[in-house]
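**Q** Sharing a structure, written as structure tokens. Questions coming.
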Amino acid sequence: MHNEFTAIIEKDGKWFVAYCPEIPGANGQGRTKSECLKSLGEAINLILEDRREAALRGVPKKATCQMVTVGGNAREFEEHP
């Protein structure tokens, strides 16, 4: 699955820290911006997988479960100093 989320990144001393406003609880950190974004991506993945598993536990046995692909216009954000 491919999705795009917003990463808010700040420098805190020698560390970069980031969070994703669309996914409450998703945050990451790293010594480099790249490490920070990778950490955030892993956190987002874990949260979404957990939410999907939790949501599917209550699906009735006779129900059909099917994936839906959602498209849209990808937006590019400029970095702000």
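Letters A, B, ... mark the chains of the structure tokens in the order given; residue numbers begin at 1 per chain; ligand numbers begin at 1, in order shown.
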Can you list, as a list in words, all residues belonging to chain A that DSSP tags as strand (DSSP E)?
**A**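 These are the residues in question: Ile8, Ile9, Glu10, Lys11, Asp12, Trp15, Phe16, Val17, Ala18, Tyr19, Asn27, Gly28, Gln29 and Gly30 of chain A.
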**Q** For the selection just defined, write its residues with all heavy atoms to a file, as a short mmCIF file (atom, residue, chain, number, x, y, z; two decimals), in the first residue's frame.
**A**
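Wrote again-v2.cif, looks like this:
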data_model
loop_
_atom_site.label_atom_id
_atom_site.label_comp_id
_atom_site.auth_asym_id
_atom_site.auth_seq_id
_atom_site.Cartn_x
_atom_site.Cartn_y
_atom_site.Cartn_z
N ILE A 8 6.26 16.63 10.25
CA ILE A 8 6.71 17.89 10.86
C ILE A 8 8.03 17.57 11.56
O ILE A 8 8.06 16.74 12.46
CB ILE A 8 5.67 18.42 11.89
CG1 ILE A 8 4.27 18.53 11.25
CG2 ILE A 8 6.15 19.74 12.47
CD1 ILE A 8 4.18 19.48 10.08
N ILE A 9 9.10 18.21 11.10
CA ILE A 9 10.44 17.88 11.58
C ILE A 9 11.06 19.08 12.27
O ILE A 9 10.98 20.20 11.77
CB ILE A 9 11.35 17.47 10.40
CG1 ILE A 9 10.68 16.37 9.58
CG2 ILE A 9 12.73 17.03 10.89
CD1 ILE A 9 11.28 16.20 8.21
N GLU A 10 11.68 18.82 13.42
CA GLU A 10 12.38 19.86 14.16
C GLU A 10 13.75 19.34 14.57
O GLU A 10 13.94 18.14 14.72
CB GLU A 10 11.61 20.25 15.42
CG GLU A 10 10.23 20.82 15.13
CD GLU A 10 9.50 21.16 16.40
OE1 GLU A 10 9.77 22.23 16.98
OE2 GLU A 10 8.67 20.34 16.83
N LYS A 11 14.67 20.24 14.76
CA LYS A 11 16.01 19.90 15.24
C LYS A 11 16.01 20.16 16.74
O LYS A 11 15.60 21.23 17.20
CB LYS A 11 17.04 20.77 14.53
CG LYS A 11 18.46 20.48 14.91
CD LYS A 11 19.09 19.55 13.92
CE LYS A 11 20.59 19.67 14.09
NZ LYS A 11 21.34 18.52 14.13
N ASP A 12 16.43 19.17 17.52
CA ASP A 12 16.50 19.29 18.98
C ASP A 12 17.90 18.90 19.41
O ASP A 12 18.20 17.72 19.57
CB ASP A 12 15.45 18.39 19.63
CG ASP A 12 15.39 18.57 21.13
OD1 ASP A 12 15.94 19.56 21.66
OD2 ASP A 12 14.78 17.70 21.80
N TRP A 15 19.75 15.97 17.57
CA TRP A 15 18.74 15.05 17.04
C TRP A 15 17.70 15.76 16.19
O TRP A 15 17.40 16.93 16.42
CB TRP A 15 18.01 14.34 18.19
CG TRP A 15 18.88 13.38 18.92
CD1 TRP A 15 19.74 13.66 19.94
CD2 TRP A 15 18.97 11.99 18.69
NE1 TRP A 15 20.37 12.53 20.35
CE2 TRP A 15 19.92 11.48 19.60
CE3 TRP A 15 18.35 11.12 17.80
CZ2 TRP A 15 20.26 10.13 19.64
CZ3 TRP A 15 18.69 9.77 17.84
CH2 TRP A 15 19.63 9.29 18.76
N PHE A 16 17.16 15.03 15.23
CA PHE A 16 15.99 15.46 14.49
C PHE A 16 14.82 14.68 15.08
O PHE A 16 14.93 13.47 15.33
CB PHE A 16 16.11 15.14 13.00
CG PHE A 16 17.07 16.02 12.26
CD1 PHE A 16 18.40 15.67 12.15
CD2 PHE A 16 16.63 17.21 11.68
CE1 PHE A 16 19.29 16.47 11.46
CE2 PHE A 16 17.52 18.02 10.99
CZ PHE A 16 18.85 17.65 10.88
N VAL A 17 13.71 15.37 15.32
CA VAL A 17 12.49 14.71 15.80
C VAL A 17 11.35 15.08 14.87
O VAL A 17 11.33 16.18 14.31
CB VAL A 17 12.15 15.11 17.26
CG1 VAL A 17 13.21 14.58 18.22
CG2 VAL A 17 12.03 16.61 17.42
N ALA A 18 10.43 14.14 14.67
CA ALA A 18 9.33 14.38 13.74
C ALA A 18 8.06 13.73 14.25
O ALA A 18 8.10 12.76 15.01
CB ALA A 18 9.68 13.82 12.37
N TYR A 19 6.95 14.29 13.81
CA TYR A 19 5.67 13.66 14.07
C TYR A 19 4.78 13.83 12.85
O TYR A 19 5.04 14.64 11.97
CB TYR A 19 5.00 14.23 15.32
CG TYR A 19 4.53 15.66 15.20
CD1 TYR A 19 3.23 15.95 14.81
CD2 TYR A 19 5.40 16.72 15.47
CE1 TYR A 19 2.80 17.27 14.70
CE2 TYR A 19 4.97 18.03 15.36
CZ TYR A 19 3.67 18.30 14.97
OH TYR A 19 3.25 19.60 14.85
N ASN A 27 5.56 9.20 15.79
CA ASN A 27 6.69 10.11 15.87
C ASN A 27 7.97 9.32 15.62
O ASN A 27 7.98 8.10 15.69
CB ASN A 27 6.73 10.82 17.23
CG ASN A 27 6.69 9.86 18.38
OD1 ASN A 27 7.61 9.08 18.56
ND2 ASN A 27 5.61 9.88 19.15
N GLY A 28 9.02 10.05 15.29
CA GLY A 28 10.30 9.41 15.02
C GLY A 28 11.43 10.34 15.39
O GLY A 28 11.23 11.53 15.63
N GLN A 29 12.62 9.78 15.45
CA GLN A 29 13.79 10.58 15.74
C GLN A 29 15.01 9.95 15.10
O GLN A 29 15.00 8.77 14.77
CB GLN A 29 14.03 10.74 17.25
CG GLN A 29 14.38 9.46 17.99
CD GLN A 29 13.14 8.70 18.42
OE1 GLN A 29 12.08 9.28 18.59
NE2 GLN A 29 13.26 7.40 18.60
N GLY A 30 16.05 10.74 14.93
CA GLY A 30 17.29 10.24 14.36
C GLY A 30 18.37 11.30 14.40
O GLY A 30 18.08 12.49 14.56
#
**Q** Would you please extract all alpha helix (DSSP H) residues from chain A, as assigned by DSSP on the backbone, and give them as a ChimeraX atom specification?
**A** /A:33-56
**Q** Atom CA of A:Leu46 and atom CA of A:Gly58, how far apart in Å?
**A**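 Atom CA of A:Leu46 lies 19.7 Å from atom CA of A:Gly58.
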**Q** With distances taken over only C-alpha atoms, which residue among A:Leu56, A:Val70, A:Leu40, A:Ala63 lies nearest A:Ile23?
**A**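 Closest candidate: A:Leu40.
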**Q** For each of A:Ala7, A:Val68, A:Ala26, A:Gly13, take the minimum atom-to-atom distance to A:Glu42, counting only C-alpha atoms, then give the residue where this is smallest.
**A**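 The closest residue to A:Glu42 is A:Ala26.
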